[in-house]
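What follows is a set of notes on a single structure, which appears directly below.
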Amino acid sequence: MLNRRDILRLAAAGASLAAVPMAHAADGSPVRGGHLVSIVVPEPQTLGLTVSNPTIVIAINVYDGLVTYDGTGAPRPQLAESYEQAPDGRSITFRLRKGVTWHDGVPFTAADVKYSILEVVKKTHPRGIGTYSQLQDIETPDDHTVILRLAKPSPVIWAALNSSETQILPKHLYEGTDPLTNPWNTKPIGTGPFIFKEWVRGSHVTLERNPNYWDAGKPYLDRLTFRFVPDAGARAAALETGEAQYVPLSPVPLSDVERLAKRPDLVVETRGWEAVAPVFFLDFNMRRPQFQDVRVRRAIALAIDKKALARTVWYGFAEPATGPVPAFQTAFAATGLPQYDYDPKKAEALLDEAGLKRGPDGVRLRFNHASIPYGDDFKRSGEFIRQQLKKVGIEVELLNYDLPTFLRKIYTEYDFDTLNAYYAAFADPQIGVQRRFWSQTIRPGSAWSNASGYSNPRVDALLEAAAVEPDPQKRKALLGEFQLIVQTELPSISILELKQFRVWSSRLKGVNVGPIGVYSSFADAWLEPAPGAVRG
């Protein structure tokens, strides 16, 4: 039986446990057929461009990437059956699989890869803008060969070639359109193991087995349905009754985890999130005059008890962050950075120094705060922050938006004072961390990017130099200086490293538990028939 301590121990050990990429049944024999019901929250805005978690966990079943990754993080073939990098690091050659078709029957070719990377990912993806900054051109000498030509070596590219980061789209349906508003984003055509069937707004997305999938014999499941269930208690009930068999994002109330983990018909799994490395943070809108004084930003950081937040709101499924780069990224996380441990007296002193004295009503400063609409845990975090800041004389108005409004207000209109959200850091800081601080990712309409508006030429130079530095130690030094600057200037407070988990039915087998398991398709998954069921 697992208790919460056991679950957290698994989370801590995840990096080593993840060397086992798949969870198999005892006899290892997949059963064909079956309908898997998953729950995703919130409902995504698109399925055609994989930027946010709800989109990714659905779309990875429709689209394949050039590669995927094994339990050690090493690439392994997917749409590209082989690949090699030139000795000087300035070109990467991919040999594509032959005979792969899009779900509409059109052959998949190198032209699709060239279009997707150059015209979509490099130009519109908030992480791809940085990942492919050194990409100058792509050559396609034939339909099954792709050569990336780089201005300088770019180590980060190798960590971003899977379908969640470098999504390959059908050129014949996207060329000549705005990829962000293309209608095929809501009825996607991919090369992956499942084919889009329907999207009933407010209810569900249904995918069906791709009978012509390049990986012969897969997938095993006949159908996937992703339901949208906003209430965490209802998600837990659906798992307990068997109405749903898999929930990857904010799956159940954290207070229910210990009880559910004891049920023999459910699996509570902490593996599969390691490479995602989610960092929960508070952004200041640096366009606002009240946040121009660094003493105010530091005071707010000092006023938030991160340990109490992790313990009371996140039930121990988080730990205080020590900087913008999470501990998972051991090759990059800097030590000796300035820390802002809970100290409300020091916070008040800094606010006094900044000229923000308490008024007759005891209030020094008022501003609004938006919470990412990804579940109750984030709303409660916003309320926790509001209560903490009230103690030092700051009044906070909480803004609770639905996802479309949140994305518009935060990333297009920049109409907010502060916000709390989390970004996946992924395997390399230049994929998931850089976008919070690099001025080139201040792009109105580009979600999950630099919302604060922070711009520092030295930070930009460090990030851009690190992107092309092949020497690991020199690259770590560049990224270390970057971390020191942003942890000192504090345009964004890195608050927690989240230790997330998934819950699924014990009948569900073949779930990927490697470091990017949550971002892996169900191509290898299968359902054991329920007792007494007959599957034809």
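Labels for the structure tokens follow display order: chains A, B, ..., residues from 1 in each chain, ligands from 1.
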Need the shell around Asp64 (chain A): protein/DNA/RNA residues with any atom at most 8 Å away, counting only C-alpha atoms. Skip same-chain ones fewer than 4 positions apart. Format as number ranges by chain? A: 60, 78-79, 162-163, 167-168, 190-192
Go ahead and write the selection's residues with all heavy atoms as a PDB file, in the first residue's frame.
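Just written: again-v6.pdb:
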```
ATOM      1  N   ILE A  60      -0.364  14.828 -29.060  1.00  0.00           N
ATOM      2  CA  ILE A  60       0.728  13.862 -29.252  1.00  0.00           C
ATOM      3  C   ILE A  60       0.228  12.520 -29.764  1.00  0.00           C
ATOM      4  O   ILE A  60       1.011  11.716 -30.275  1.00  0.00           O
ATOM      5  CB  ILE A  60       1.522  13.644 -27.944  1.00  0.00           C
ATOM      6  CG1 ILE A  60       0.574  13.291 -26.799  1.00  0.00           C
ATOM      7  CG2 ILE A  60       2.387  14.840 -27.623  1.00  0.00           C
ATOM      8  CD1 ILE A  60       1.276  12.940 -25.510  1.00  0.00           C
ATOM      9  N   GLN A  78      11.460   8.138 -34.698  1.00  0.00           N
ATOM     10  CA  GLN A  78      10.022   8.183 -34.883  1.00  0.00           C
ATOM     11  C   GLN A  78       9.793   8.455 -36.364  1.00  0.00           C
ATOM     12  O   GLN A  78       9.964   7.540 -37.167  1.00  0.00           O
ATOM     13  CB  GLN A  78       9.353   9.208 -33.962  1.00  0.00           C
ATOM     14  CG  GLN A  78       7.874   8.859 -33.698  1.00  0.00           C
ATOM     15  CD  GLN A  78       7.257   9.627 -32.555  1.00  0.00           C
ATOM     16  OE1 GLN A  78       7.220  10.846 -32.568  1.00  0.00           O
ATOM     17  NE2 GLN A  78       6.746   8.888 -31.564  1.00  0.00           N
ATOM     18  N   LEU A  79       9.470   9.665 -36.777  1.00  0.00           N
ATOM     19  CA  LEU A  79       9.336   9.911 -38.218  1.00  0.00           C
ATOM     20  C   LEU A  79      10.690   9.867 -38.922  1.00  0.00           C
ATOM     21  O   LEU A  79      10.769   9.572 -40.117  1.00  0.00           O
ATOM     22  CB  LEU A  79       8.661  11.260 -38.462  1.00  0.00           C
ATOM     23  CG  LEU A  79       7.174  11.334 -38.113  1.00  0.00           C
ATOM     24  CD1 LEU A  79       6.647  12.745 -38.301  1.00  0.00           C
ATOM     25  CD2 LEU A  79       6.359  10.349 -38.946  1.00  0.00           C
ATOM     26  N   ASN A 162      10.949  16.187 -30.425  1.00  0.00           N
ATOM     27  CA  ASN A 162       9.775  15.319 -30.308  1.00  0.00           C
ATOM     28  C   ASN A 162       8.515  16.090 -30.679  1.00  0.00           C
ATOM     29  O   ASN A 162       8.541  17.300 -30.922  1.00  0.00           O
ATOM     30  CB  ASN A 162       9.670  14.760 -28.885  1.00  0.00           C
ATOM     31  CG  ASN A 162       9.543  15.851 -27.843  1.00  0.00           C
ATOM     32  OD1 ASN A 162      10.113  16.931 -27.968  1.00  0.00           O
ATOM     33  ND2 ASN A 162       8.803  15.574 -26.788  1.00  0.00           N
ATOM     34  N   SER A 163       7.377  15.402 -30.688  1.00  0.00           N
ATOM     35  CA  SER A 163       6.157  16.014 -31.219  1.00  0.00           C
ATOM     36  C   SER A 163       5.586  17.093 -30.321  1.00  0.00           C
ATOM     37  O   SER A 163       4.815  17.933 -30.785  1.00  0.00           O
ATOM     38  CB  SER A 163       5.088  14.937 -31.454  1.00  0.00           C
ATOM     39  OG  SER A 163       4.768  14.268 -30.249  1.00  0.00           O
ATOM     40  N   GLN A 167       6.433  20.180 -33.651  1.00  0.00           N
ATOM     41  CA  GLN A 167       5.295  19.489 -34.254  1.00  0.00           C
ATOM     42  C   GLN A 167       5.379  19.567 -35.774  1.00  0.00           C
ATOM     43  O   GLN A 167       5.548  20.649 -36.337  1.00  0.00           O
ATOM     44  CB  GLN A 167       4.009  20.129 -33.759  1.00  0.00           C
ATOM     45  CG  GLN A 167       2.751  19.416 -34.183  1.00  0.00           C
ATOM     46  CD  GLN A 167       1.534  20.060 -33.556  1.00  0.00           C
ATOM     47  OE1 GLN A 167       1.584  21.210 -33.151  1.00  0.00           O
ATOM     48  NE2 GLN A 167       0.448  19.324 -33.481  1.00  0.00           N
ATOM     49  N   ILE A 168       5.275  18.426 -36.424  1.00  0.00           N
ATOM     50  CA  ILE A 168       5.316  18.385 -37.883  1.00  0.00           C
ATOM     51  C   ILE A 168       3.879  18.440 -38.407  1.00  0.00           C
ATOM     52  O   ILE A 168       3.073  17.546 -38.139  1.00  0.00           O
ATOM     53  CB  ILE A 168       6.035  17.108 -38.384  1.00  0.00           C
ATOM     54  CG1 ILE A 168       7.414  16.983 -37.717  1.00  0.00           C
ATOM     55  CG2 ILE A 168       6.164  17.154 -39.902  1.00  0.00           C
ATOM     56  CD1 ILE A 168       8.328  18.165 -37.931  1.00  0.00           C
ATOM     57  N   GLY A 190      -2.760  14.434 -38.799  1.00  0.00           N
ATOM     58  CA  GLY A 190      -1.388  14.124 -38.432  1.00  0.00           C
ATOM     59  C   GLY A 190      -0.893  12.851 -39.065  1.00  0.00           C
ATOM     60  O   GLY A 190      -1.502  12.309 -40.003  1.00  0.00           O
ATOM     61  N   THR A 191       0.221  12.338 -38.544  1.00  0.00           N
ATOM     62  CA  THR A 191       0.790  11.060 -38.989  1.00  0.00           C
ATOM     63  C   THR A 191       0.802  10.056 -37.836  1.00  0.00           C
ATOM     64  O   THR A 191       1.332   8.964 -37.983  1.00  0.00           O
ATOM     65  CB  THR A 191       2.236  11.245 -39.483  1.00  0.00           C
ATOM     66  OG1 THR A 191       3.013  11.827 -38.422  1.00  0.00           O
ATOM     67  CG2 THR A 191       2.301  12.142 -40.701  1.00  0.00           C
ATOM     68  N   GLY A 192       0.235  10.442 -36.682  1.00  0.00           N
ATOM     69  CA  GLY A 192       0.367   9.671 -35.467  1.00  0.00           C
ATOM     70  C   GLY A 192      -0.552   8.474 -35.363  1.00  0.00           C
ATOM     71  O   GLY A 192      -1.301   8.139 -36.290  1.00  0.00           O
TER      72      GLY A 192
END
```
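Excluding Tyr115 (chain A) and any residue on its chain fewer than 3 positions from it, the residues at most 10 Å away by only C-alpha atoms are A:Ala110, A:Ala111, A:Asp112, A:Leu118, A:Glu119, A:Val120, A:Val121, A:Lys122, A:Ile138, A:Ile168, A:Leu169, A:Pro170, A:Lys171, A:His172, A:Tyr174, A:Glu175.
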What separation in Å, quoted to one decimal, exists between CA of Ala308 (chain A) and CA of Phe426 (chain A)? 25.9 Å
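With only C-alpha atoms taken into account, the protein and nucleic acid residues at most 6 Å from region 371-382 of chain A (excluding it and anything under 6 positions from it in its own chain) are Pro42, Leu403, Leu419, Asn420 and Ala421 of chain A.
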May I have the residues from that selection written out with C-alpha atoms, as a JSON list (two decimals), in the first residue's frame?
```json
[["chain", "number", "residue", "atom", "x", "y", "z"],
["A", 42, "PRO", "CA", -8.93, 22.81, -18.91],
["A", 403, "LEU", "CA", -8.46, 29.91, -20.39],
["A", 419, "LEU", "CA", 0.12, 36.55, -12.24],
["A", 420, "ASN", "CA", 0.92, 33.07, -11.07],
["A", 421, "ALA", "CA", 1.47, 30.29, -13.59]]
```
Between A:Pro344, A:Gly65, A:Pro457, A:Gly130, which has the minimum distance to Asp305 (chain A) (counting only C-alpha atoms)? A:Pro344
